[in-house]
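Enquirer: As input, take input.txt (compact mmCIF, C-alpha atoms):
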```
# COMPACT_ATOMS: atom_id res chain seq x y z
CA MET A 1 13.53 -15.84 -14.75
CA ALA A 2 13.52 -16.33 -10.99
CA LYS A 3 12.43 -12.68 -10.71
CA ILE A 4 8.95 -13.56 -11.94
CA GLY A 5 8.01 -15.12 -8.61
CA ILE A 6 9.70 -12.67 -6.26
CA LEU A 7 6.84 -10.18 -6.22
CA GLY A 8 4.50 -12.96 -5.19
CA LEU A 9 6.14 -12.81 -1.76
CA MET A 10 4.50 -9.42 -1.23
CA ALA A 11 1.03 -10.82 -1.73
CA ALA A 12 0.26 -11.54 1.91
CA ALA A 13 1.25 -8.03 2.94
CA LEU A 14 -0.96 -6.49 0.27
CA LEU A 15 -4.12 -8.48 0.94
CA PRO A 16 -7.16 -6.25 1.56
CA GLY A 17 -9.18 -6.34 4.75
CA GLY A 18 -12.95 -6.60 4.80
CA SER A 19 -15.22 -3.54 4.65
CA PRO A 20 -16.81 -2.53 7.97
CA GLN A 21 -20.47 -3.44 8.32
CA GLY A 22 -22.82 -0.78 7.04
CA THR A 23 -20.35 0.77 4.58
CA PRO A 24 -20.61 0.52 0.77
CA PRO A 25 -18.55 -2.28 -0.78
CA THR A 26 -15.17 -1.16 -2.05
CA VAL A 27 -12.73 -2.53 -4.61
CA PRO A 28 -9.07 -3.03 -3.63
CA PHE A 29 -7.01 -0.70 -5.81
CA TYR A 30 -3.29 -0.71 -6.57
CA ILE A 31 -1.04 1.85 -8.27
CA PHE A 32 1.98 0.36 -10.03
CA ILE A 33 4.37 2.84 -11.66
CA GLY A 34 8.00 2.72 -12.67
CA GLN A 35 10.75 2.27 -15.19
CA SER A 36 11.72 -0.53 -17.56
CA ASN A 37 11.56 -3.29 -14.95
CA SER A 38 7.83 -2.70 -14.63
CA GLY A 39 7.36 -4.48 -17.94
CA TRP A 40 10.56 -5.63 -19.58
CA LEU A 41 9.89 -9.32 -20.24
CA GLY A 42 7.90 -10.80 -23.11
CA ILE A 43 5.82 -13.96 -23.08
CA ALA A 44 8.54 -15.71 -25.09
CA GLY A 45 10.83 -15.45 -22.07
CA MET A 46 8.56 -17.55 -19.87
CA THR A 47 8.96 -21.26 -19.35
CA ALA A 48 6.02 -23.58 -19.95
CA GLU A 49 5.53 -23.86 -16.19
CA GLN A 50 5.51 -20.09 -15.78
CA LYS A 51 3.03 -19.65 -18.60
CA ALA A 52 0.74 -22.16 -16.93
CA ALA A 53 1.07 -20.45 -13.54
CA TYR A 54 1.02 -16.78 -14.53
CA GLY A 55 -0.06 -16.47 -18.15
CA GLY A 56 -3.44 -15.49 -19.52
CA VAL A 57 -6.22 -13.63 -17.74
CA VAL A 58 -5.84 -12.99 -14.01
CA PRO A 59 -9.27 -13.74 -12.48
CA ASP A 60 -11.35 -10.83 -11.16
CA THR A 61 -8.58 -8.32 -11.86
CA ASP A 62 -8.91 -5.31 -14.16
CA ILE A 63 -6.12 -3.05 -15.41
CA TRP A 64 -5.97 0.54 -16.65
CA ASN A 65 -2.76 0.94 -18.62
CA PRO A 66 -2.07 4.06 -20.74
CA ALA A 67 0.21 1.94 -22.94
CA ASN A 68 -3.10 0.71 -24.36
CA GLY A 69 -4.54 3.86 -25.90
CA GLY A 70 -3.26 6.75 -23.79
CA TYR A 71 -6.24 8.99 -23.02
CA LYS A 72 -8.48 6.37 -24.64
CA ALA A 73 -7.38 3.64 -22.23
CA THR A 74 -10.15 1.83 -20.37
CA TRP A 75 -10.55 -0.63 -17.53
CA GLU A 76 -10.25 -4.14 -18.95
CA PRO A 77 -9.51 -7.64 -17.64
CA LEU A 78 -5.81 -8.00 -16.85
CA GLN A 79 -4.36 -10.38 -19.41
CA VAL A 80 -0.65 -11.04 -19.01
CA GLY A 81 1.21 -10.30 -22.24
CA VAL A 82 -1.78 -8.58 -23.84
CA ASN A 83 -2.37 -5.31 -21.94
CA THR A 84 0.56 -5.22 -19.50
CA ARG A 85 3.48 -3.66 -21.41
CA CYS A 86 5.34 -0.40 -20.74
CA GLU A 87 4.42 2.64 -22.82
CA ASN A 88 7.55 2.67 -24.98
CA PHE A 89 8.32 -1.04 -25.42
CA ALA A 90 8.02 -2.53 -28.89
CA ASP A 91 7.14 -6.03 -27.64
CA PRO A 92 3.34 -6.01 -27.17
CA THR A 93 3.58 -9.17 -25.05
CA ALA A 94 5.73 -7.54 -22.35
CA PHE A 95 4.66 -7.71 -18.71
CA GLY A 96 6.03 -7.09 -15.23
CA PRO A 97 5.63 -8.27 -11.63
CA GLU A 98 1.85 -7.85 -11.78
CA ALA A 99 1.69 -11.31 -13.37
CA SER A 100 2.87 -13.20 -10.30
CA LEU A 101 1.72 -10.64 -7.73
CA PHE A 102 -1.96 -10.51 -8.65
CA THR A 103 -2.15 -14.21 -9.40
CA SER A 104 -0.80 -14.82 -5.88
CA LEU A 105 -3.21 -12.32 -4.35
CA GLN A 106 -6.16 -14.05 -5.99
CA LYS A 107 -4.99 -17.45 -4.82
CA GLN A 108 -4.82 -16.20 -1.24
CA LYS A 109 -8.13 -14.35 -1.34
CA ARG A 110 -10.45 -14.32 -4.35
CA THR A 111 -11.99 -10.87 -4.78
CA ARG A 112 -12.23 -8.12 -7.39
CA ARG A 113 -9.11 -5.98 -7.71
CA LEU A 114 -8.18 -3.02 -9.87
CA LEU A 115 -4.68 -2.10 -11.02
CA TYR A 116 -3.46 1.17 -12.48
CA LYS A 117 -0.16 0.50 -14.27
CA GLN A 118 2.16 2.97 -15.97
CA GLY A 119 5.76 2.22 -16.89
CA GLN A 120 8.30 3.67 -19.26
CA GLY A 121 11.81 2.43 -19.86
CA GLY A 122 14.78 4.78 -19.81
CA THR A 123 13.22 7.19 -17.31
CA SER A 124 14.47 8.39 -13.93
CA LEU A 125 13.26 9.70 -10.60
CA ALA A 126 15.71 12.57 -10.92
CA VAL A 127 14.16 13.94 -14.11
CA ASP A 128 11.18 12.18 -15.70
CA TRP A 129 9.29 11.21 -12.54
CA LYS A 130 10.19 14.38 -10.64
CA PRO A 131 7.03 15.64 -8.91
CA VAL A 132 6.06 19.27 -8.47
CA VAL A 133 8.14 20.77 -5.66
CA PRO A 134 7.25 24.30 -4.48
CA TYR A 135 9.93 26.89 -5.29
CA VAL A 136 12.16 24.29 -6.94
CA GLY A 137 10.63 23.47 -10.29
CA GLY A 138 7.91 21.80 -12.28
CA ALA A 139 6.97 18.20 -12.72
CA GLY A 140 8.90 15.80 -14.89
CA ALA A 141 7.12 14.72 -18.05
CA ARG A 142 6.25 11.23 -16.80
CA TYR A 143 4.95 12.44 -13.45
CA ALA A 144 2.85 15.15 -15.08
CA GLN A 145 1.32 12.58 -17.43
CA PHE A 146 0.79 10.19 -14.54
CA GLY A 147 -1.22 12.82 -12.66
CA GLU A 148 -3.57 13.26 -15.60
CA TRP A 149 -3.95 9.57 -16.36
CA LEU A 150 -4.47 8.45 -12.76
CA ALA A 151 -7.25 11.02 -12.39
CA LEU A 152 -8.81 9.74 -15.62
CA ALA A 153 -8.61 6.10 -14.50
CA ALA A 154 -10.24 6.96 -11.16
CA ALA A 155 -13.02 8.84 -12.93
CA HIS A 156 -13.63 5.88 -15.24
CA ALA A 157 -13.86 3.60 -12.20
CA LYS A 158 -16.40 5.93 -10.61
CA GLU A 159 -18.46 6.01 -13.80
CA ARG A 160 -18.81 2.24 -13.80
CA GLY A 161 -19.79 2.12 -10.14
CA ASP A 162 -16.51 1.13 -8.49
CA THR A 163 -15.43 2.64 -5.16
CA LEU A 164 -11.64 2.51 -5.06
CA ASP A 165 -9.90 1.53 -1.83
CA LEU A 166 -6.17 2.11 -2.28
CA LYS A 167 -4.11 -0.76 -0.88
CA ALA A 168 -0.62 -0.07 -2.20
CA ILE A 169 1.57 2.14 -4.33
CA LEU A 170 4.31 0.06 -5.93
CA TRP A 171 7.39 1.65 -7.53
CA MET A 172 9.54 -0.44 -9.85
CA GLN A 173 13.07 0.92 -10.28
CA GLY A 174 15.27 0.69 -13.37
CA GLU A 175 18.92 1.56 -13.96
CA THR A 176 18.70 5.16 -15.16
CA ASP A 177 19.10 6.76 -11.73
CA ALA A 178 22.45 4.98 -11.37
CA GLU A 179 23.91 6.51 -14.52
CA THR A 180 25.03 9.76 -12.89
CA GLU A 181 26.57 10.36 -9.48
CA ALA A 182 24.16 13.21 -8.76
CA ALA A 183 21.04 11.13 -9.49
CA ALA A 184 22.36 8.15 -7.55
CA GLY A 185 23.21 10.29 -4.54
CA ALA A 186 19.76 11.89 -4.52
CA TYR A 187 17.89 8.63 -5.10
CA LEU A 188 16.50 8.07 -1.61
CA GLU A 189 15.42 11.70 -1.29
CA ASN A 190 13.80 11.57 -4.73
CA LEU A 191 11.98 8.34 -3.90
CA ARG A 192 10.58 9.83 -0.70
CA ALA A 193 9.48 12.92 -2.62
CA LEU A 194 7.72 10.75 -5.18
CA PHE A 195 5.73 8.85 -2.55
CA VAL A 196 4.76 12.09 -0.80
CA ALA A 197 3.63 13.64 -4.08
CA VAL A 198 1.66 10.57 -5.16
CA ASP A 199 -0.07 10.51 -1.79
CA GLY A 200 -1.10 14.14 -2.19
CA LEU A 201 -2.35 13.45 -5.70
CA TRP A 202 -4.31 10.42 -4.55
CA GLN A 203 -5.89 12.27 -1.62
CA ARG A 204 -7.21 14.96 -3.98
CA ILE A 205 -8.62 12.35 -6.33
CA ARG A 206 -10.07 10.36 -3.43
CA GLU A 207 -11.83 13.39 -1.97
CA LYS A 208 -13.25 14.40 -5.35
CA HIS A 209 -14.92 11.02 -5.86
CA GLY A 210 -15.75 10.23 -2.24
CA TYR A 211 -13.44 7.23 -2.05
CA PRO A 212 -12.57 6.01 1.46
CA LYS A 213 -9.48 7.28 3.26
CA THR A 214 -7.58 4.20 4.36
CA ALA A 215 -4.00 3.27 5.17
CA TYR A 216 -2.02 1.75 2.33
CA LYS A 217 1.44 0.36 1.72
CA ARG A 218 4.31 1.93 -0.19
CA VAL A 219 6.55 -0.66 -1.80
```
How does this structure look as structure tokens?
Expert:
Amino acid sequence: MAKIGILGLMAAALLPGGSPQGTPPTVPFYIFIGQSNSGWLGIAGMTAEQKAAYGGVVPDTDIWNPANGGYKATWEPLQVGVNTRCENFADPTAFGPEASLFTSLQKQKRTRRLLYKQGQGGTSLAVDWKPVVPYVGGAGARYAQFGEWLALAAAHAKERGDTLDLKAILWMQGETDAETEAAAGAYLENLRALFVAVDGLWQRIREKHGYPKTAYKRV
């Protein structure tokens, strides 16, 4: 259970800066994607102290999670153990590092934040999250779905008047890429390819909706 607080250490590095004077207000936006470790623990696995510190609704933080409705998902207040699970996990109370991370971010600087989260256990960078690579092959099933759902989440944000300012893309690894020698050996290359592809996807979405082009972190 010590893992629950580790992601809180990233909070300072992921804090948003202020908007320049004369520009429209923006909302700090985070993309959190990955494998089983993005949402493997249920509320029952938390101690009373952890529930008090990280349970419940995270203030001023909304989440768009396709595990909650797929194409019918909407932006809703982030409530740990209610709308934070992976797509294919049976425990509806499951959650991941967003519990401690966004609680820590809000404690350091209280402001509205938006989180896109998509996780599925048993998937890999080598196959499921493989992005489109020219002349090599098509997208893996999870990456292809991610592209559609991220675009939908961004459009929903625009419809409700939010201007997304991307602050970080966070990838949460599982064990599947270690199950074969080929996947393990290609892991670093595959991870780089994923971040490059997600950046390209985000830039297209950003330009479509007129969101600001700003530097962001890859974690």
Enquirer: With distances taken over all atoms listed in the file, which of A:Trp40, A:Phe32, A:Tyr71, A:Tyr216 is nearest to Leu152 (chain A)?
Expert: A:Tyr71
Enquirer: Find the residue from A:Leu41, A:Ala67, A:Ala144, A:Ala126 that sits nearest to Thr180 (chain A); use all atoms listed in the file when measuring.
Expert: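 Of all the options, A:Ala126 lies closest to Thr180 (chain A).
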Enquirer: To one decimal place in Å, what is the distance between CA of Gly185 (chain A) and CA of Leu125 (chain A)?
Expert: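 Taking CA of Gly185 (chain A) as the start and CA of Leu125 (chain A) as the end point, the length is 11.7 Å.
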Enquirer: Kindly provide, as an NGL selection string, the polymer residues lying within 12 Å of (-0.5, 12.6, -15.2), counting all atoms listed in the file and using the coordinates exactly as they appear in the file.
Expert: :A and (33 or 66 or 70-71 or 118 or 128-132 or 139-154 or 197-198 or 201-202)
Enquirer: How many Å separate CA of Ser100 (chain A) from CA of Gly56 (chain A)?
Expert: 11.4 Å
Enquirer: Quick check, in Å to one decimal: how far apart do CA of Leu114 (chain A) and CA of Glu175 (chain A) lie?
Expert: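 Those two atoms sit 27.8 Å apart.
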Enquirer: Rank nothing, just name the residue among A:Ala53, A:Ala94, A:Ala44, A:Ile169 nearest to Gln120 (chain A), using all atoms listed in the file.
Expert: A:Ala94
Enquirer: Mind checking which residues fall within 8 Å of Thr74 (chain A), counting only C-alpha atoms, ignoring those fewer than 3 positions away in the same chain, and posting them as a PyMOL selection string?
Expert: chain A and resi 64-65+153+156
Enquirer: Pick out the residues sitting within 8 Å of Arg85 (chain A), and hand them over as a PyMOL selection string; count only C-alpha atoms, and ignore anything fewer than 4 positions along from it in its own chain.
Expert: chain A and resi 39-40+67+81+89+91-96+119
Enquirer: Counting all atoms listed in the file, which of A:Thr123, A:Pro59, A:His209, A:Gly174 gets nearest to Glu159 (chain A)?
Expert: A:His209
Enquirer: With distances taken over only C-alpha atoms, which of A:Val57, A:Val127, A:Trp171, A:Asn83 is nearest to Phe195 (chain A)?
Expert: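 Selected residue with least distance to Phe195 (chain A): A:Trp171.
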Enquirer: Got a sec: who's within 12 Å of Asp60 (chain A), counting all atoms listed in the file, leaving out chain neighbours fewer than 6 positions off, as JSON, numbers by chain?
Expert: {"A": [27, 28, 76, 77, 78, 79, 102, 103, 105, 106, 107, 109, 110, 111, 112, 113, 114, 115]}
Enquirer: Find, counting only C-alpha atoms, the residue in A:Met172, A:Ala155, A:Ala178, A:Ala184 that gets nearest to Arg206 (chain A).
Expert: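 Nearest to Arg206 (chain A): A:Ala155.
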Enquirer: Take every atom of region 40-52 of chain A listed in the file, fit an axis-aligned box around them, add 6 Å per side, and give the centre and edge lengths in Å to one decimal as JSON.
Expert:
```
{"center_x": 5.8, "center_y": -14.7, "center_z": -20.4, "size_x": 22.1, "size_y": 30.2, "size_z": 21.3}
```
Enquirer: Excluding Leu170 (chain A) and residues on its chain fewer than 4 positions from it, collect all residues at most 10 Å away from it, counting all atoms listed in the file, and give them as a ChimeraX atom specification.
Expert: /A:30-34,38,117,195,217-219
Enquirer: Write a file of the selected residues as a PDB file, in the frame of the given file, keeping C-alpha atoms.
Expert:
```
ATOM      1  CA  TYR A  30      -3.290  -0.710  -6.570  1.00  0.00           C
ATOM      2  CA  ILE A  31      -1.040   1.850  -8.270  1.00  0.00           C
ATOM      3  CA  PHE A  32       1.980   0.360 -10.030  1.00  0.00           C
ATOM      4  CA  ILE A  33       4.370   2.840 -11.660  1.00  0.00           C
ATOM      5  CA  GLY A  34       8.000   2.720 -12.670  1.00  0.00           C
ATOM      6  CA  SER A  38       7.830  -2.700 -14.630  1.00  0.00           C
ATOM      7  CA  LYS A 117      -0.160   0.500 -14.270  1.00  0.00           C
ATOM      8  CA  PHE A 195       5.730   8.850  -2.550  1.00  0.00           C
ATOM      9  CA  LYS A 217       1.440   0.360   1.720  1.00  0.00           C
ATOM     10  CA  ARG A 218       4.310   1.930  -0.190  1.00  0.00           C
ATOM     11  CA  VAL A 219       6.550  -0.660  -1.800  1.00  0.00           C
TER      12      VAL A 219
END
```
